[in-house]
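Chemist: Here you go, one structure.
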Amino acid sequence: ISFSAESGDFLSVLGANGAGKSTLFRCLLGGLTDYTGAIALDGRNVRTLSRREMAEHIAYIPQIHRPTFGYSVRDTTLMGLTRQLSPFRSPTPEMEKQAMDALEQMGVAQLAERNFAHLSGGEQQLVLIARALCQRSDILVMDEPTSSLDYGNQLRVLERVRQLARQGYTVLLSTHDPQHALRFSRRILALQGGCVAAEGDTRSVLTPDLIRQLYGVESVLLDTPDGAALLPVRGGDRHV
């Protein structure tokens, strides 16, 4: 696999189950180190970087999780400042403001005193993104961040993510929904069998032929007043 991502890129990673999306992200985040080749971050081999140095550049936004303890939204967001705090140091007023600014940016500042565990799935995901913004990293890695959200929350979260890319963040996001990639991302990286099946500008790369290759599904690409739409064809499933 070989690809690059620049500032302001919104790169969606597509592929069927087992194609290598999560494995790729684990390599990027330092969770897997026994790969061949090299991953470069601003020209530096990531194998030479400490975890703290990695955290200065890359923030990971997981799928929604249910916390064991009832942390407030504010405290959950402040956890993004871990690399800036020693074990026995409390957050400063400036850090508190940083957390509130991140929540404001994601449109959930009004939830600051709420219990994170009691929020809706969409609200939780926006708070997790705010926590990543507190980290002040310029690369955001998201592994299927909308997989457990309802349709409306999927769109709201992805619209916020697109706004972050427009502000200059580099976004790498894996998804099982090609339509999400078509609607929101600037570029596509399609994986099949642990290799790159296609890579490039979303509208140029994401075609019915690629969908057939990746998923064995026939589809059509339509132009609508709100942009392109990818629709499966009835009876077009090629799998037995």
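By order in the structure tokens, chains are A, B, ...; within a chain, residues start at 1; ligands start at 1, following the order shown.
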Compile a residue-level contact table for segment 13-39 of chain A against segment 131-150 of chain A at a cut-off of 12 Å, reporting for every qualifying residue the shortest atom pair and its distance in Å to one decimal, with only C-alpha atoms counted, rows ordered by chain and ascending number, as CSV.
Modeler:
residue,atom,partner,partner_atom,distance
A:Val13,CA,A:Asp143,CA,9.2
A:Leu14,CA,A:Glu144,CA,10.1
A:Gly15,CA,A:Glu144,CA,11.7
A:Asn17,CA,A:Glu144,CA,11.9
A:Gly20,CA,A:Asp143,CA,11.8
A:Lys21,CA,A:Asp143,CA,8.2
A:Ser22,CA,A:Asp143,CA,6.9
A:Thr23,CA,A:Asp143,CA,10.4
A:Leu24,CA,A:Asp143,CA,10.2
A:Phe25,CA,A:Asp143,CA,7.5
A:Arg26,CA,A:Asp143,CA,9.8
A:Cys27,CA,A:Val141,CA,11.6
A:Leu28,CA,A:Val141,CA,8.8
A:Leu29,CA,A:Val141,CA,8.4
Chemist: Residues of segment 113-174 of chain A in alpha helix (DSSP H) according to DSSP, as JSON, numbers by chain?
Modeler: {"A": [121, 122, 123, 124, 125, 126, 127, 128, 129, 130, 131, 132, 133, 134, 151, 152, 153, 154, 155, 156, 157, 158, 159, 160, 161, 162, 163, 164, 165, 166]}
Chemist: Counting only C-alpha atoms, which residues of segment 155-200 of chain A fall within 10 Å of segment 41-65 of chain A, and what is the closest atom pair for each with its distance in Å at one decimal, ordered by chain and rising number, as a Markdown table?
Modeler:
| residue | atom | partner | partner_atom | distance |
| --- | --- | --- | --- | --- |
| A:Thr170 | CA | A:Ile58 | CA | 9.3 |
| A:Val171 | CA | A:Ala59 | CA | 9.9 |
| A:Leu172 | CA | A:Tyr60 | CA | 9.7 |
| A:Leu173 | CA | A:Ile61 | CA | 9.4 |
Chemist: Considering only C-alpha atoms, return as a VMD selection string whatever protein or nucleic-acid residues lie within 8 Å of Ala19 of chain A, sequence-local ones (same chain, fewer than 3 positions apart) excluded.
Modeler: chain A and resid 15 to 16 191 to 195
Chemist: Pick out the residues sitting within 10 Å of segment 185-190 of chain A, and hand them over as number ranges by chain; count only C-alpha atoms, and ignore anything fewer than 5 positions along from it in its own chain.
Modeler: A: 1-5, 8-16, 19-21, 158-159, 161-162, 165, 171-174, 178-180, 195-206, 210-211, 214
Chemist: Given only C-alpha atoms as the basis, pick out the residue of A:Ala112, A:Leu103, A:Tyr215, A:Arg234 nearest to His176 of chain A.
Modeler: A:Tyr215
Chemist: To one decimal place in Å, what is the distance between atom CA of Asn115 of chain A and atom CA of Thr175 of chain A?
Modeler: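 Atom CA of Thr175 of chain A lies at a distance of 28.0 Å from atom CA of Asn115 of chain A.
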Chemist: One number please: atom CA of Ala229 of chain A to atom CA of Asn153 of chain A, in Å, one decimal.
Modeler: 18.9 Å
Chemist: So how far away is atom CA of Leu182 of chain A from atom CA of Ser219 of chain A, in Å?
Modeler: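 So the answer is 13.4 Å.
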Chemist: Give me, as a ChimeraX atom specification, all polymer residues having an atom no more than 6 Å from segment 97-99 of chain A, counting only C-alpha atoms and skipping those fewer than 2 positions away in the same chain.
Modeler: /A:77-78,94-95,101-102,134
Chemist: Could you check the closest approach to Glu6 of chain A for each of A:Gly168, A:Gly121, A:Gly70, A:Gly107 and tell me which residue wins, using only C-alpha atoms?
Modeler: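 Smallest separation from Glu6 of chain A among the options: A:Gly168.
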